[in-house]
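Each remark here refers to the structure printed beneath this line.
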Amino acid sequence: MIVLLSSALVGQGQRRAAAATSDAANYLPASDAVAIIDAKRLLNETMPSILGNDPAKLAQANAEVEKFKTRTGIDPRSFDRVALGVRFTYPNANTTKLETVAIAHGTFDAKSLIASARAAANGKAREEKYRGATITIINVNDQMKVFGLWNMKVDQLAICVLDPNSLAMGSVANVHAAIDAGKRGRASADLISLALRDPNAVAGFGANVPRELLNKLDVGNDTMAKDVSSIQQVYGSIGSTQTDVSIMLVAKTDSVQSAKNLGDTVQGLQQLGGLFIGRLAQPRKALAENALANLKITPRGNELEIRTQVTAANLAALIK
């Protein structure tokens, strides 16, 4: 029985990974960072597990999902996966801006979806043709929670059905980039592979760490700055069970010694963390104590892996 169950679970994970791999890169433009989100699990498993002990917050999160649908005409519950392509830009010497496009994978009826988006816009919508595709641009001008959990200010949203299973959302310029990328996509296969490293994750990500980005980080003393400057890529994942949320972050450095030095620095910060946690107010204090108690730091070759997990109840206490 145990062998059969194990085989079934492994097979399920492999099928999920294969399905994600087959469409994850579709329409993603060249990006500095890529994230892949299992939207079905996030909405149907992770969100209820985090907020399940607080019916009022769970109802509020579900209401935010409905609000997104009402304001944009797009139902996030129709998504299977969402792939995010992020490009770093540097408007000035002190600023880093994230240019993001979301490619939702599911099953979409182009005509009904666009009709819903236009109806939701209450006359504040326009259409634009680009390389044979129709982009609908709506003025949202509202604060919304993506997937009912993360706050985001949405001003103008461009929407384009790219094929029966792919939908692009973002600024007009970023949707143009998705159309230009086409079904084969232009995002780095390496970054997509990093984002899909854990086939059982609710969300995974992979990112390059450009020199321009590191130069804008104020990390304190020279030793710490040197350790951070050795990082070339980061990747990781978020997982969930009925009681816990797990986080893994891996930094790929330029050498084995750099990974060891970075690990020593992080361990030093871990020891100092206990001193600062005492100054935090609840519920942040409980969450930080939980994360610090479960923190595991492991150098592996030129990589440094950091893992932790927190209880769903502690995380739920921070969600407003």
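Lettering and numbering for the structure tokens are positional, with chains as A, B, ... in the shown order, residues counted from 1 in each chain, and ligands counted from 1 in the shown order.
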Practice item. Write out as a list in words each polymer residue whose atoms come within 9 Å of Asp163 of chain A, counting only C-alpha atoms; drop sequence neighbours fewer than 6 positions from it. Key: Phe108, Ala110 and Lys183 of chain A
Practice item. Apply DSSP to the structure's backbone, then extract all residues of segment 150-245 of chain A labelled strand (DSSP E or B) and return them as a VMD selection string. Key: chain A and resid 150 to 163 166 to 170 203 to 208 231 to 240 244 to 245
Check your understanding: Near Lys40 of chain A, within 8 Å and counting only C-alpha atoms, which residues show up once chain neighbours fewer than 2 positions away are dropped, as a PyMOL selection string?
Key -> chain A and resi 38+42-45+77+79-81
Point to revise | Near-Arg186 of chain A list (10 Å; only C-alpha atoms; drop same-chain fewer than 6 positions) as a PyMOL selection string | key: chain A and resi 25-31+177-178+180
Could you take the residues named above and write them with C-alpha atoms, as a compact mmCIF listing (two decimals), in the first residue's frame?
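So the final result, stored in result18.txt, reads:
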# COMPACT_ATOMS: atom_id res chain seq x y z
CA ALA A 25 7.65 29.70 -21.18
CA ASN A 26 4.82 30.53 -23.57
CA TYR A 27 4.82 34.25 -24.39
CA LEU A 28 7.26 35.18 -21.61
CA PRO A 29 9.51 37.94 -22.95
CA ALA A 30 13.21 38.18 -22.10
CA SER A 31 13.29 38.65 -18.33
CA ALA A 177 6.55 42.29 -25.35
CA ALA A 178 4.54 39.11 -24.66
CA ASP A 180 6.49 39.77 -29.64
Revision key, fill the gap. Here atom CA of Gly278 of chain A and atom CA of Gly52 of chain A stand apart by 28.1 Å
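With only C-alpha atoms taken into account, the protein and nucleic acid residues at most 8 Å from segment 284-296 of chain A (excluding it and anything under 5 positions from it in its own chain) are Gln270, Gly273, Gly274, Ile277, Gly278, Arg279, Glu305, Ile306, Arg307, Thr308, Gln309, Val310, Thr311, Asn314, Leu315 and Leu318 of chain A.
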Practice item. Work out how far apart atom CA of Lys69 of chain A and atom CA of Gly106 of chain A are and give it in Å to one decimal. Key: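 These two atoms are separated by 15.4 Å.
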Sort by chain and increasing residue number a table of all residues of segment 16-62 of chain A within 9 Å of segment 244-262 of chain A, each with its closest pair of atoms and their distance in Å to one decimal, counting only C-alpha atoms, and write it as CSV.
residue,atom,partner,partner_atom,distance
A:Thr46,CA,A:Val245,CA,8.3
A:Ser49,CA,A:Asp244,CA,8.1
A:Ile50,CA,A:Asp244,CA,7.8
Export, as a PDB file, in the first residue's frame, the selected residues with C-alpha atoms.
ATOM      1  CA  THR A  46      -2.874  27.474   0.306  1.00  0.00           C
ATOM      2  CA  SER A  49      -4.974  26.586   4.858  1.00  0.00           C
ATOM      3  CA  ILE A  50      -3.522  29.950   5.913  1.00  0.00           C
TER       4      ILE A  50
END
**Study point:** Counting only C-alpha atoms, the option among A:Leu113, A:Val86, A:Leu280, A:Cys160 closest to Glu128 of chain A
**Key:** A:Cys160
Point to revise | Backbone-only DSSP, alpha helix (DSSP H) members of segment 109-159 of chain A, as a list in words | key: Ala110, Lys111, Ser112, Leu113, Ile114, Ala115, Ser116, Ala117, Arg118, Ala119 and Ala120 of chain A
Determine, for each residue of segment 82-164 of chain A having at least one atom at most 10 Å from an atom of segment 192-206 of chain A, the closest pair of atoms and their separation in Å to one decimal, counting only C-alpha atoms; order by chain and ascending number, as a Markdown table.
| residue | atom | partner | partner_atom | distance |
| --- | --- | --- | --- | --- |
| A:Val82 | CA | A:Ala203 | CA | 9.4 |
| A:Ala83 | CA | A:Ile192 | CA | 9.4 |
| A:Leu84 | CA | A:Phe205 | CA | 9.0 |
| A:Gly85 | CA | A:Ile192 | CA | 9.9 |
Review point. Between A:Thr72, A:Gln267, A:Asn174, A:Thr223, which one has atoms that come closest to Ile138 of chain A, using only C-alpha atoms?
Key: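 Selected residue with least distance to Ile138 of chain A: A:Thr72.
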Practice item. Work out how far apart atom CA of Leu214 of chain A and atom CA of Tyr90 of chain A are and give it in Å to one decimal. Key: 11.9 Å
